[in-house]
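Engineer: Structure file target_13.tsv (TSV, C-alpha atoms and all ligand atoms) right here:
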```
chain	number	residue	atom	x	y	z
A	5	MET	CA	13.64	12.28	22.74
A	6	THR	CA	10.95	10.53	24.82
A	7	GLN	CA	8.77	7.92	23.11
A	8	GLU	CA	5.73	10.21	23.50
A	9	LYS	CA	7.51	13.13	21.78
A	10	GLU	CA	8.82	10.81	19.09
A	11	ASP	CA	5.29	9.49	18.40
A	12	LYS	CA	3.93	13.05	18.04
A	13	ARG	CA	6.67	13.84	15.50
A	14	LEU	CA	5.70	10.75	13.52
A	15	ASP	CA	2.22	11.58	12.35
A	16	LEU	CA	0.32	11.98	9.09
A	17	GLN	CA	1.82	15.44	8.52
A	18	ALA	CA	5.30	13.92	8.75
A	19	ALA	CA	4.28	11.11	6.41
A	20	TYR	CA	2.87	13.57	3.85
A	21	SER	CA	6.00	15.77	4.01
A	22	VAL	CA	8.47	13.20	2.68
A	23	ARG	CA	9.51	13.58	-0.94
A	24	THR	CA	12.09	10.97	-1.93
A	25	PRO	CA	12.56	7.23	-1.42
A	26	ALA	CA	15.46	8.05	0.96
A	27	GLU	CA	13.20	10.30	3.04
A	28	ASN	CA	10.59	7.54	3.14
A	29	GLU	CA	13.22	5.09	4.37
A	30	ALA	CA	14.26	7.47	7.15
A	31	LEU	CA	10.66	8.23	8.20
A	32	TYR	CA	9.58	4.60	8.40
A	33	ALA	CA	12.80	3.48	10.09
A	34	ALA	CA	11.85	5.80	12.94
A	35	TRP	CA	8.13	4.89	12.84
A	36	ALA	CA	8.25	1.10	12.43
A	37	LYS	CA	8.16	0.08	16.09
A	38	THR	CA	5.14	2.23	16.99
A	39	TYR	CA	3.29	2.42	13.62
A	40	ASP	CA	0.65	-0.19	14.48
A	41	GLU	CA	-0.27	1.41	17.82
A	42	SER	CA	0.51	5.14	17.46
A	43	PHE	CA	-0.93	5.41	13.95
A	44	ALA	CA	-3.07	2.44	12.82
A	45	ALA	CA	-4.88	1.67	16.08
A	46	ALA	CA	-5.00	5.26	17.32
A	47	SER	CA	-6.53	6.59	14.09
A	48	ASP	CA	-8.72	3.54	13.41
A	49	TYR	CA	-6.95	3.11	10.05
A	50	ILE	CA	-9.14	0.79	7.98
A	51	PHE	CA	-7.60	1.08	4.49
A	52	PRO	CA	-6.01	-2.39	4.78
A	53	GLN	CA	-9.40	-3.92	5.65
A	54	GLN	CA	-10.98	-2.14	2.67
A	55	VAL	CA	-8.34	-3.62	0.35
A	56	ALA	CA	-8.91	-7.08	1.86
A	57	ARG	CA	-12.68	-6.73	1.39
A	58	VAL	CA	-12.33	-5.86	-2.33
A	59	PHE	CA	-9.67	-8.56	-2.82
A	60	HIS	CA	-11.99	-11.26	-1.45
A	61	GLU	CA	-15.11	-9.90	-3.21
A	62	GLN	CA	-13.21	-10.15	-6.52
A	63	GLY	CA	-12.02	-13.70	-5.80
A	64	GLY	CA	-8.38	-12.73	-5.30
A	65	HIS	CA	-5.89	-15.52	-4.71
A	66	GLY	CA	-2.20	-16.14	-4.29
A	67	PRO	CA	0.56	-15.74	-4.88
A	68	VAL	CA	-0.08	-12.10	-3.89
A	69	LEU	CA	2.43	-9.23	-3.95
A	70	ASP	CA	1.79	-6.62	-1.22
A	71	ALA	CA	3.38	-3.44	-2.61
A	72	GLY	CA	4.46	-1.13	0.22
A	73	ALA	CA	3.56	-3.83	2.73
A	74	GLY	CA	4.85	-1.93	5.76
A	75	THR	CA	4.12	-3.80	8.99
A	76	GLY	CA	1.86	-6.30	7.24
A	77	LEU	CA	-1.60	-4.88	7.99
A	78	VAL	CA	-2.99	-5.83	4.55
A	79	ALA	CA	-1.80	-9.43	4.85
A	80	GLU	CA	-3.31	-9.68	8.32
A	81	ALA	CA	-6.64	-8.33	7.01
A	82	ILE	CA	-6.62	-10.74	4.04
A	83	ALA	CA	-5.68	-13.71	6.24
A	84	ALA	CA	-8.50	-12.88	8.70
A	85	ARG	CA	-10.89	-14.23	6.06
A	86	LYS	CA	-8.78	-16.72	4.09
A	87	THR	CA	-5.09	-17.57	4.13
A	88	CYS	CA	-3.22	-16.71	0.92
A	89	LEU	CA	0.39	-17.06	-0.14
A	90	MET	CA	1.68	-13.50	0.14
A	91	ASP	CA	5.01	-11.73	-0.45
A	92	ALA	CA	5.84	-8.35	1.09
A	93	PHE	CA	7.77	-5.64	-0.75
A	94	ASP	CA	8.75	-2.37	0.93
A	95	ILE	CA	11.57	0.16	1.00
A	96	SER	CA	11.77	0.02	4.80
A	97	GLU	CA	13.65	-2.89	6.35
A	98	PRO	CA	12.45	-1.97	9.88
A	99	MET	CA	8.79	-2.01	8.74
A	100	LEU	CA	9.38	-5.40	7.07
A	101	SER	CA	10.98	-6.72	10.23
A	102	ILE	CA	7.77	-5.96	12.20
A	103	ALA	CA	5.78	-7.65	9.42
A	104	LYS	CA	8.07	-10.69	9.46
A	105	ALA	CA	7.38	-11.30	13.15
A	106	LYS	CA	3.66	-11.65	12.35
A	107	GLY	CA	4.33	-14.70	10.15
A	108	VAL	CA	1.87	-13.61	7.43
A	109	TYR	CA	4.27	-13.53	4.45
A	110	ARG	CA	6.18	-16.21	2.51
A	111	ARG	CA	8.97	-13.79	1.54
A	112	LEU	CA	9.79	-10.24	2.57
A	113	VAL	CA	11.81	-8.23	0.05
A	114	GLN	CA	13.31	-4.79	0.61
A	115	GLY	CA	13.35	-2.48	-2.41
A	116	ASP	CA	12.01	0.57	-4.19
A	117	LEU	CA	8.70	0.47	-6.07
A	118	THR	CA	9.90	3.26	-8.36
A	119	GLN	CA	12.68	1.01	-9.72
A	120	LYS	CA	12.72	-2.32	-11.57
A	121	LEU	CA	11.26	-4.96	-9.25
A	122	PRO	CA	13.32	-8.06	-8.40
A	123	PHE	CA	10.59	-10.49	-9.58
A	124	ASP	CA	10.13	-12.40	-12.83
A	125	ASP	CA	7.46	-11.45	-15.37
A	126	GLY	CA	4.03	-12.85	-14.46
A	127	SER	CA	5.02	-13.99	-10.95
A	128	TYR	CA	1.86	-12.90	-9.14
A	129	ALA	CA	-1.85	-13.82	-9.39
A	130	SER	CA	-2.72	-10.66	-7.43
A	131	VAL	CA	-1.15	-7.38	-6.36
A	132	VAL	CA	-2.49	-5.42	-3.39
A	133	SER	CA	-1.41	-2.14	-1.85
A	134	ALA	CA	-2.68	0.16	0.90
A	135	GLY	CA	-1.46	3.59	1.90
A	136	THR	CA	1.50	3.66	-0.49
A	137	PHE	CA	0.15	5.69	-3.42
A	138	THR	CA	-0.08	8.84	-1.32
A	139	HIS	CA	1.61	12.22	-0.78
A	140	GLY	CA	5.39	12.01	-1.21
A	141	HIS	CA	5.40	8.21	-1.42
A	142	VAL	CA	4.90	6.35	-4.71
A	143	GLY	CA	3.31	7.69	-7.91
A	144	PRO	CA	1.79	6.08	-11.00
A	145	GLU	CA	5.27	5.43	-12.43
A	146	ALA	CA	5.20	2.16	-10.44
A	147	MET	CA	2.31	0.78	-12.49
A	148	ASP	CA	4.38	-0.62	-15.40
A	149	GLU	CA	6.49	-2.79	-13.10
A	150	LEU	CA	3.50	-3.94	-11.04
A	151	LEU	CA	1.84	-5.05	-14.28
A	152	ARG	CA	5.03	-6.73	-15.55
A	153	VAL	CA	5.25	-8.95	-12.46
A	154	SER	CA	1.50	-9.72	-12.62
A	155	ALA	CA	0.29	-12.81	-14.50
A	156	SER	CA	-2.26	-12.50	-17.28
A	157	GLY	CA	-5.69	-12.15	-15.63
A	158	ALA	CA	-4.12	-11.06	-12.32
A	159	LEU	CA	-6.21	-8.95	-9.94
A	160	LEU	CA	-4.77	-5.61	-8.77
A	161	VAL	CA	-6.34	-3.81	-5.78
A	162	LEU	CA	-4.55	-0.54	-5.00
A	163	THR	CA	-5.45	2.40	-2.77
A	164	ILE	CA	-4.78	5.90	-4.07
A	165	LYS	CA	-5.14	9.13	-2.08
A	166	ALA	CA	-8.25	10.76	-3.62
A	167	GLU	CA	-6.86	14.25	-4.23
A	168	LEU	CA	-3.82	12.81	-6.03
A	169	TYR	CA	-5.81	10.73	-8.51
A	170	GLU	CA	-5.93	13.41	-11.20
A	171	ALA	CA	-3.22	15.72	-9.85
A	172	ARG	CA	-0.44	13.10	-9.71
A	173	GLY	CA	-1.37	11.48	-13.03
A	174	PHE	CA	-2.99	8.23	-11.88
A	175	ALA	CA	-6.11	8.88	-14.01
A	176	ALA	CA	-3.97	9.55	-17.10
A	177	THR	CA	-1.80	6.50	-16.45
A	178	PHE	CA	-4.79	4.14	-16.21
A	179	SER	CA	-6.27	5.69	-19.32
A	180	ASP	CA	-2.97	5.27	-21.22
A	181	LEU	CA	-2.80	1.60	-20.20
A	182	GLY	CA	-5.80	1.04	-22.49
A	183	MET	CA	-6.15	-2.62	-23.45
A	184	GLN	CA	-3.35	-3.70	-21.09
A	185	ILE	CA	-5.92	-3.73	-18.28
A	186	TYR	CA	-9.63	-4.61	-18.03
A	187	ASP	CA	-12.58	-4.63	-15.59
A	188	PHE	CA	-11.33	-1.32	-14.17
A	189	GLN	CA	-13.38	-0.04	-11.19
A	190	LEU	CA	-12.76	2.91	-8.90
A	191	GLN	CA	-14.51	3.26	-5.56
A	192	GLU	CA	-14.28	5.89	-2.85
A	193	VAL	CA	-13.88	4.48	0.65
A	194	PRO	CA	-13.13	5.88	4.09
A	195	ILE	CA	-9.48	5.54	5.15
A	196	TYR	CA	-10.33	5.75	8.85
A	197	GLY	CA	-13.16	4.28	10.90
A	198	ALA	CA	-15.48	5.68	13.53
A	199	GLY	CA	-12.72	5.64	16.15
A	200	ALA	CA	-10.65	8.25	14.25
A	201	GLN	CA	-9.66	11.22	16.39
A	202	SER	CA	-8.04	13.96	14.30
A	203	SER	CA	-9.48	16.03	11.42
A	204	ASP	CA	-6.93	14.45	9.01
A	205	THR	CA	-8.76	11.24	9.51
A	206	LEU	CA	-11.86	12.48	7.66
A	207	ASP	CA	-9.87	11.99	4.43
A	208	ALA	CA	-11.30	9.74	1.74
A	209	GLY	CA	-9.34	7.32	-0.34
A	210	LEU	CA	-9.85	5.55	-3.62
A	211	ILE	CA	-9.48	1.89	-4.41
A	212	ALA	CA	-8.57	1.10	-8.00
A	213	CYS	CA	-9.39	-2.50	-8.86
A	214	PHE	CA	-8.59	-3.99	-12.26
A	215	ARG	CA	-7.11	-6.99	-14.04
A	216	LYS	CA	-4.09	-7.40	-16.26
A	217	THR	CA	-4.89	-8.48	-19.80
A	301	LIG	C1	1.53	4.40	5.03
A	301	LIG	S1	2.62	3.05	4.92
A	301	LIG	C2	1.47	1.76	4.47
A	301	LIG	C3	1.94	0.41	4.94
A	301	LIG	C4	0.87	-0.67	4.87
A	301	LIG	N1	0.55	-1.02	3.51
A	301	LIG	C5	-0.35	-0.21	5.61
A	301	LIG	O1	-1.40	0.02	4.97
A	301	LIG	O2	-0.25	-0.08	6.84
A	301	LIG	C6	3.49	3.33	3.39
A	301	LIG	C7	4.56	2.29	3.11
A	301	LIG	O3	5.12	2.57	1.83
A	301	LIG	C8	6.51	2.29	1.90
A	301	LIG	N2	7.18	3.01	0.82
A	301	LIG	C9	7.31	4.35	0.65
A	301	LIG	N3	8.00	4.63	-0.47
A	301	LIG	C10	8.32	3.43	-1.04
A	301	LIG	C11	9.02	3.05	-2.22
A	301	LIG	N4	9.55	3.96	-3.05
A	301	LIG	N5	9.15	1.74	-2.48
A	301	LIG	C12	8.65	0.80	-1.64
A	301	LIG	N6	7.96	1.09	-0.51
A	301	LIG	C13	7.79	2.40	-0.22
A	301	LIG	C14	6.90	2.78	3.29
A	301	LIG	O4	8.14	2.23	3.72
A	301	LIG	C15	5.71	2.32	4.12
A	301	LIG	O5	5.89	1.05	4.68
```
For the file at hand, write its structure as C-alpha cells.
Structural biologist:
Amino acid sequence: MTQEKEDKRLDLQAAYSVRTPAENEALYAAWAKTYDESFAAASDYIFPQQVARVFHEQGGHGPVLDAGAGTGLVAEAIAARKTCLMDAFDISEPMLSIAKAKGVYRRLVQGDLTQKLPFDDGSYASVVSAGTFTHGHVGPEAMDELLRVSASGALLVLTIKAELYEARGFAATFSDLGMQIYDFQLQEVPIYGAGAQSSDTLDAGLIACFRKT
C-alpha cells in the first residue's frame, strides 16, 4: 500500500472503530509514523494545547503522568510554557518511540490503562490525558488506577469525548467517586482549530479537571 493510501485508511473513522486494547495497539502501530502530520497537523488538532492550558491555569506541576501519551503532543504543549517532569504511558510502543525522540519525557512506559498500572501509590502530582477517553479506546474504568497513582491533592486534567460522557458512564463514575475527588470542573472545548478540514473536526470535547482528596 502506498503511504497516501495508508494515511487515508488511518483516519478518525478508523480510530473510532477500534474496540479492544489489541485493536488499539494494531491501529497505532500503523499510524505512529504519520500521526503528527497526517492527523494532528492536518486536522489542526488542539486538544493537547487545551489540556496544557488548563494544567497551567490550575498550577499543575510535576511529576506528571501523561495517560495515553501517544507521540507526546501533550508534553510538548505543556513544555511550550514551562518545563515539567513528565512520564508517558501508552499501549503503543511505536507511538512511544516517536515521543521518545522528542526528549520531552523522563520515562516512557508501555502498558494498558484498563489494567493495574506499574506505578506506586501516590507517585504523581498531576495526571493529564488527551484524546484517550474516546470511542473504542479507554473508558471510566481507568479512573480508580489513575487516582491510586496520584498523590493527595494531585491535579487531574483529562479530555473526554462529549457524547460519551453520560453514555459510557463517565458522569456516573465521577459522581460515585464522591469525596475521593474535589474541585471538579467540566468544560466544553473545541478539539480542532480553525484549520480543521473535515466535518468530523467540528466535534466538541470535554475537559474534566479535578483533584484527588
Ligand atoms: C488519539 S491518541 C492520543 C495521543 C495523544 N495523547 C494526543 O493527544 O495526541 C490515543 C492514544 O491512546 C492510546 N491507547 C489506546 N488504548 C489504550 C489503552 N488501553 N491503554 C493505554 N493507551 C491506550 C493509543 O495507543 C494512542 O496513543
Engineer: Report as JSON, numbers by chain which protein, DNA and RNA residues come within 7 Å of ligand LIG 301 (chain A), using only C-alpha atoms and all ligand atoms.
Structural biologist: {"A": [25, 28, 29, 32, 51, 52, 71, 72, 73, 74, 75, 76, 77, 78, 93, 94, 95, 96, 99, 115, 116, 117, 118, 133, 134, 135, 136, 141, 142]}
Engineer: Have a look at CA of Thr87 (chain A) and CA of Gly63 (chain A) and let me know their distance in Å, one decimal.
Structural biologist: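 So the answer is 12.7 Å.
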Engineer: Could you jot down the CA of Ser47 (chain A) to CA of Gly64 (chain A) separation for me, Å, one decimal place?
Structural biologist: 27.4 Å
Engineer: Work out how far apart CA of Gly197 (chain A) and CA of Lys86 (chain A) are and give it in Å to one decimal.
Structural biologist: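 Between CA of Gly197 (chain A) and CA of Lys86 (chain A) the gap works out to 22.5 Å.
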Engineer: When you look at region 158-174 of chain A with a cut-off of 6 Å (counting all atoms listed in the file), what residues show up, excluding the ones that are within fewer than 5 positions of it in the same chain? I need them as a list in words.
Structural biologist: Ala129, Ser130, Val131, Val132, Ser133, Ala134, Phe137, Thr138, Pro144, Gly209, Leu210, Ile211, Ala212, Cys213, Phe214, Arg215 and Lys216 of chain A
